[in-house]
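S.K.: This is the structure I have questions about; it appears just below.
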Amino acid sequence: MTTATFTPDVVACRLAATSKKQLLQQLSTMAAAHAGLCDRKVLSAIISREKLGSTGIGNGLALPHAILESATRPVTLLATLETPVDFGSPDNMPVEVMALVLGADEDSNGYLSTVNAVSRILHQRHAQLRDARSEADIRSTLEEPQIVAA
C-alpha cells in the first residue's frame, strides 16, 4: 500500500454554470489561463473527447480529459458546482464535482496515471468535496493522504 494526494493546479468552488457547454467553456478558460495555453484549443480538445462518449462517470462526478500537443505537462483543475449540471452520465445523475485533466502529447503515461489517480480520489472524496464551502475546504480535503493499492 502507498499513499497518494492530488493537488490540482486550479480549484474553483461552487462554480456557476447552467449547462455542460457553459461549464466546459469556463473550465477550458481557467485551465488555459493557468497553463499559458489557447483556450479555444483546450475547449476543442475537450469537446472532441466528449464526442467519443461522456466523461460523466456517475455518482455526480465528471472527469473531462484530453491530450494537447501544445501542453508541456499535465494540467489539472477541480471544481464543485453551485447547481448540478446534466453531463450525460451513465447513471443519469447530474454532476456536482468534476476534475479536468489536460495531458502533454509526449507524456501519455503521465497523463493516464493522472487521470487514474484523480478518478480514485474523486470517488473516495466525493461527499467532502461536494460539501466544501470554499477553495480552502477543497484543498484541505485533497491534502489528506489517500491509501491506494501498490
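We label chains A, B, ... in the order they appear in the C-alpha cells, count residues from 1 in each chain, and number ligands from 1 in the order shown.
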Just list the residues in chain A DSSP gives strand (DSSP E) on the backbone, as number ranges by chain.
M.R.: A: 2-4, 10-15, 56-58, 61-62, 65-68, 75-85, 95-104, 146-148
S.K.: May I have a table of the residues of segment 7-51 of chain A lying at most 8 Å from segment 128-143 of chain A, giving each one's closest pair of atoms and their distance in Å to one decimal, counting only C-alpha atoms, ordered by chain and ascending residue number, as a Markdown table?
M.R.:
| residue | atom | partner | partner_atom | distance |
| --- | --- | --- | --- | --- |
| A:Thr7 | CA | A:Leu142 | CA | 6.7 |
| A:Val11 | CA | A:Glu135 | CA | 6.2 |
| A:Ala12 | CA | A:Glu135 | CA | 6.2 |
| A:Cys13 | CA | A:Glu135 | CA | 5.4 |
| A:Arg14 | CA | A:Arg133 | CA | 7.5 |
S.K.: Could you dump the residues just selected with N, CA and C atoms as a tab-separated table (two decimals), in the first residue's frame?
M.R.:
chain	number	residue	atom	x	y	z
A	7	THR	N	-3.13	17.32	-5.90
A	7	THR	CA	-3.11	18.77	-5.73
A	7	THR	C	-3.38	19.40	-7.09
A	11	VAL	N	-8.36	25.43	-8.58
A	11	VAL	CA	-9.53	24.99	-7.82
A	11	VAL	C	-10.62	26.05	-7.96
A	12	ALA	N	-11.84	25.61	-8.17
A	12	ALA	CA	-13.00	26.51	-8.22
A	12	ALA	C	-14.10	25.92	-7.35
A	13	CYS	N	-14.59	26.71	-6.43
A	13	CYS	CA	-15.64	26.25	-5.52
A	13	CYS	C	-16.97	26.89	-5.88
A	14	ARG	N	-17.98	26.04	-6.02
A	14	ARG	CA	-19.35	26.49	-6.29
A	14	ARG	C	-19.42	27.31	-7.57
S.K.: How close does segment 106-129 of chain A get to segment 51-73 of chain A? List, as CSV, each residue of segment 106-129 of chain A within 10 Å, its nearest atom pair and the distance in Å to one decimal, counting only C-alpha atoms.
M.R.:
residue,atom,partner,partner_atom,distance
A:Glu106,CA,A:Glu69,CA,7.9
A:Asp107,CA,A:Arg73,CA,7.6
A:Ser108,CA,A:Ile67,CA,7.9
A:Gly110,CA,A:Arg73,CA,8.5
A:Tyr111,CA,A:Ile67,CA,7.8
A:Leu112,CA,A:His65,CA,9.7
A:Val115,CA,A:His65,CA,7.6
A:Val118,CA,A:Leu63,CA,8.2
A:Ser119,CA,A:Leu63,CA,7.2
A:Leu122,CA,A:Leu61,CA,7.3
A:His123,CA,A:Leu61,CA,7.8
A:His126,CA,A:Leu61,CA,7.7
A:Ala127,CA,A:Gly60,CA,9.8
S.K.: To one decimal place, how far is atom CA of Leu23 of chain A from atom CA of Thr114 of chain A in Å?
M.R.: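 According to the coordinates, atom CA of Leu23 of chain A and atom CA of Thr114 of chain A are separated by 21.3 Å.
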S.K.: If you count only C-alpha atoms, which residues fall within 9 Å of His34 of chain A, apart from same-chain ones fewer than 3 positions away, as a VMD selection string?
M.R.: chain A and resid 9 to 10 29 to 31 37 75
S.K.: Find the spatial neighbours of Val85 of chain A, counting only C-alpha atoms, within a cut-off of 6 Å - ignore same-chain residues fewer than 5 positions away - and output them as a ChimeraX atom specification.
M.R.: /A:19,94-95
S.K.: Write the residues you've just listed into a file as a PDB file, in the first residue's frame, and include C-alpha atoms for each of them.
M.R.:
ATOM      1  CA  SER A  19     -25.173  23.706 -18.988  1.00  0.00           C
ATOM      2  CA  PRO A  94     -26.257  15.477 -12.731  1.00  0.00           C
ATOM      3  CA  VAL A  95     -22.658  16.426 -11.990  1.00  0.00           C
TER       4      VAL A  95
END
S.K.: Which distance in Å separates atom CA of Val101 of chain A and atom CA of Val42 of chain A, to one decimal?
M.R.: 10.5 Å
S.K.: For Lys20 of chain A, find every residue with an atom within 9 Å (counting only C-alpha atoms), except residues of its own chain fewer than 6 positions away, and show them as a PyMOL selection string.
M.R.: chain A and resi 85-88
S.K.: For those residues, write C-alpha atoms to a file as a PDB file, in the first residue's frame.
M.R.:
ATOM      1  CA  VAL A  85     -25.376  20.090 -14.350  1.00  0.00           C
ATOM      2  CA  ASP A  86     -26.554  17.307 -16.667  1.00  0.00           C
ATOM      3  CA  PHE A  87     -23.450  15.710 -18.146  1.00  0.00           C
ATOM      4  CA  GLY A  88     -24.898  12.635 -19.836  1.00  0.00           C
TER       5      GLY A  88
END
